[in-house]
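Working notes, structure below.
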Amino acid sequence: MFSDEEIFFMYGRNAVVSRKGRFTLVHLDRPSADLVRARTDNFDPDEFFSCGCRVCQLMNEGGVVVFDDLPYEDEDILLE
């Protein structure tokens, strides 16, 4: 499991971190405490990683889940 310092190094000091079982949940969208609690309490890896694709397998094995529900503008997407 990654330490808080490792998570903050990778995702920035504004990341909100919660943990459930062997999973580290990283919330980049600066959610309220209630939303962090709900995401953490309701996190079920069997449901979250249900599609069985390779990306889900890697995330499941790695133990880090990133939430980021911030809206973005088309200009924010770098295509280079």
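Letters for chains follow the order of the structure tokens (A, B, ...), residue numbers begin at 1 for each chain, and ligand numbers begin at 1 in the order shown.
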
Surrounding residues of Ser18 of chain A excluding itself and chain neighbours under 3 positions, 8 Å, only C-alpha atoms, as a ChimeraX atom specification: /A:24-26,36,40

Which residues are close to Asn60 of chain A, i.e. within 12 Å by only C-alpha atoms, leaving aside same-chain residues fewer than 5 positions away? Reply as a ChimeraX atom specification. /A:22-25,44-55,65-66

Go ahead and save the picked residues with C-alpha atoms, as a PDB file, in the first residue's frame.
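New file part-v8.pdb:
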ATOM      1  CA  ARG A  22      -6.096  -2.854   0.642  1.00  0.00           C
ATOM      2  CA  PHE A  23      -7.259   0.002  -1.594  1.00  0.00           C
ATOM      3  CA  THR A  24      -6.164   3.614  -1.544  1.00  0.00           C
ATOM      4  CA  LEU A  25      -8.873   5.908  -2.888  1.00  0.00           C
ATOM      5  CA  ASP A  44     -16.818  -2.589  -3.574  1.00  0.00           C
ATOM      6  CA  PRO A  45     -13.866  -3.800  -5.669  1.00  0.00           C
ATOM      7  CA  ASP A  46     -15.907  -6.654  -7.162  1.00  0.00           C
ATOM      8  CA  GLU A  47     -18.452  -4.161  -8.450  1.00  0.00           C
ATOM      9  CA  PHE A  48     -15.974  -1.414  -9.364  1.00  0.00           C
ATOM     10  CA  PHE A  49     -13.719  -3.730 -11.410  1.00  0.00           C
ATOM     11  CA  SER A  50     -16.552  -5.783 -12.881  1.00  0.00           C
ATOM     12  CA  CYS A  51     -15.752  -5.439 -16.593  1.00  0.00           C
ATOM     13  CA  GLY A  52     -12.588  -7.554 -16.405  1.00  0.00           C
ATOM     14  CA  CYS A  53     -10.645  -5.400 -18.891  1.00  0.00           C
ATOM     15  CA  ARG A  54      -6.876  -5.108 -18.595  1.00  0.00           C
ATOM     16  CA  VAL A  55      -7.068  -1.566 -17.209  1.00  0.00           C
ATOM     17  CA  VAL A  65      -8.443   4.053  -7.393  1.00  0.00           C
ATOM     18  CA  VAL A  66      -8.709   7.659  -8.603  1.00  0.00           C
TER      19      VAL A  66
END

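Residues in contact with Asp69 of chain A at up to 12 Å, not including ones fewer than 2 positions away on its chain and judged by only C-alpha atoms, are A:Val26, A:His27, A:Leu28, A:Asp29, A:Arg30, A:Pro31, A:Leu35, A:Val66, A:Phe67, A:Pro71, A:Tyr72.
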
Considering only C-alpha atoms, state which residue in the set A:Val64, A:Leu70, A:Arg37, A:Leu58 is at the smallest distance from Asp4 of chain A.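 Of A:Val64, A:Leu70, A:Arg37, A:Leu58, the one nearest Asp4 of chain A is A:Val64, counting only C-alpha atoms.
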
As number ranges by chain, which residues of chain A does DSSP assign to strand (DSSP E or B)? A: 16-20, 23-27, 64-67

What would the file look like if the residues just selected were written as a compact mmCIF listing (two decimals), in the first residue's frame with all heavy atoms?
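selection27.txt, written as the output of this step:
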# COMPACT_ATOMS: atom_id res chain seq x y z
N VAL A 16 -7.28 14.28 -1.94
CA VAL A 16 -7.88 13.77 -0.71
C VAL A 16 -7.74 12.25 -0.75
O VAL A 16 -8.08 11.63 -1.76
CB VAL A 16 -9.37 14.19 -0.60
CG1 VAL A 16 -10.01 13.58 0.64
CG2 VAL A 16 -9.50 15.71 -0.60
N VAL A 17 -7.24 11.68 0.33
CA VAL A 17 -6.95 10.25 0.35
C VAL A 17 -7.82 9.57 1.39
O VAL A 17 -7.96 10.04 2.52
CB VAL A 17 -5.45 10.01 0.69
CG1 VAL A 17 -5.15 8.53 0.76
CG2 VAL A 17 -4.56 10.70 -0.32
N SER A 18 -8.42 8.44 0.99
CA SER A 18 -9.12 7.58 1.95
C SER A 18 -8.69 6.15 1.65
O SER A 18 -8.09 5.86 0.62
CB SER A 18 -10.64 7.75 1.85
OG SER A 18 -11.13 7.38 0.58
N ARG A 19 -8.96 5.27 2.56
CA ARG A 19 -8.54 3.88 2.39
C ARG A 19 -9.68 2.94 2.78
O ARG A 19 -10.44 3.22 3.70
CB ARG A 19 -7.32 3.58 3.26
CG ARG A 19 -6.14 4.47 2.89
CD ARG A 19 -4.91 4.15 3.72
NE ARG A 19 -3.86 5.13 3.56
CZ ARG A 19 -3.04 5.20 2.52
NH1 ARG A 19 -3.13 4.34 1.54
NH2 ARG A 19 -2.10 6.13 2.45
N LYS A 20 -9.74 1.84 2.02
CA LYS A 20 -10.70 0.79 2.36
C LYS A 20 -10.05 -0.53 2.03
O LYS A 20 -9.71 -0.80 0.87
CB LYS A 20 -12.01 0.94 1.59
CG LYS A 20 -13.02 -0.14 2.01
CD LYS A 20 -14.41 0.20 1.60
CE LYS A 20 -15.38 -0.84 2.13
NZ LYS A 20 -16.74 -0.55 1.72
N PHE A 23 -7.16 -1.03 -0.56
CA PHE A 23 -7.26 0.00 -1.59
C PHE A 23 -7.05 1.40 -1.04
O PHE A 23 -7.53 1.73 0.04
CB PHE A 23 -8.62 -0.06 -2.30
CG PHE A 23 -8.76 -1.28 -3.16
CD1 PHE A 23 -9.33 -2.43 -2.66
CD2 PHE A 23 -8.27 -1.29 -4.45
CE1 PHE A 23 -9.43 -3.57 -3.43
CE2 PHE A 23 -8.36 -2.42 -5.23
CZ PHE A 23 -8.95 -3.56 -4.73
N THR A 24 -6.33 2.20 -1.81
CA THR A 24 -6.16 3.61 -1.54
C THR A 24 -7.04 4.34 -2.54
O THR A 24 -6.90 4.16 -3.75
CB THR A 24 -4.69 4.04 -1.73
OG1 THR A 24 -3.89 3.28 -0.84
CG2 THR A 24 -4.52 5.52 -1.46
N LEU A 25 -7.97 5.14 -2.05
CA LEU A 25 -8.87 5.91 -2.89
C LEU A 25 -8.38 7.35 -2.93
O LEU A 25 -8.24 7.98 -1.88
CB LEU A 25 -10.30 5.83 -2.35
CG LEU A 25 -10.83 4.42 -2.05
CD1 LEU A 25 -12.24 4.50 -1.50
CD2 LEU A 25 -10.78 3.54 -3.26
N VAL A 26 -8.10 7.84 -4.12
CA VAL A 26 -7.58 9.19 -4.30
C VAL A 26 -8.68 10.03 -4.95
O VAL A 26 -9.16 9.69 -6.03
CB VAL A 26 -6.32 9.18 -5.20
CG1 VAL A 26 -5.77 10.60 -5.36
CG2 VAL A 26 -5.26 8.25 -4.62
N HIS A 27 -9.07 11.09 -4.28
CA HIS A 27 -10.16 11.95 -4.74
C HIS A 27 -9.55 13.26 -5.23
O HIS A 27 -9.14 14.10 -4.42
CB HIS A 27 -11.15 12.21 -3.60
CG HIS A 27 -11.57 10.95 -2.88
ND1 HIS A 27 -12.72 10.27 -3.21
CD2 HIS A 27 -10.98 10.26 -1.88
CE1 HIS A 27 -12.83 9.20 -2.41
NE2 HIS A 27 -11.78 9.19 -1.60
N VAL A 64 -4.82 1.26 -6.24
CA VAL A 64 -5.10 2.70 -6.21
C VAL A 64 -6.27 2.99 -7.14
O VAL A 64 -6.26 2.59 -8.30
CB VAL A 64 -3.89 3.54 -6.63
CG1 VAL A 64 -4.25 5.02 -6.68
CG2 VAL A 64 -2.72 3.31 -5.69
N VAL A 65 -7.27 3.67 -6.61
CA VAL A 65 -8.44 4.05 -7.39
C VAL A 65 -8.53 5.57 -7.35
O VAL A 65 -8.46 6.18 -6.28
CB VAL A 65 -9.73 3.43 -6.81
CG1 VAL A 65 -10.95 3.92 -7.56
CG2 VAL A 65 -9.64 1.92 -6.84
N VAL A 66 -8.66 6.20 -8.51
CA VAL A 66 -8.71 7.66 -8.60
C VAL A 66 -10.12 8.10 -8.99
O VAL A 66 -10.68 7.60 -9.96
CB VAL A 66 -7.69 8.18 -9.64
CG1 VAL A 66 -7.79 9.69 -9.78
CG2 VAL A 66 -6.28 7.77 -9.24
N PHE A 67 -10.65 9.01 -8.21
CA PHE A 67 -11.94 9.64 -8.51
C PHE A 67 -11.67 11.07 -8.94
O PHE A 67 -10.94 11.80 -8.27
CB PHE A 67 -12.85 9.67 -7.27
CG PHE A 67 -13.30 8.32 -6.80
CD1 PHE A 67 -12.59 7.64 -5.82
CD2 PHE A 67 -14.43 7.74 -7.34
CE1 PHE A 67 -13.02 6.40 -5.38
CE2 PHE A 67 -14.86 6.49 -6.89
CZ PHE A 67 -14.15 5.83 -5.92
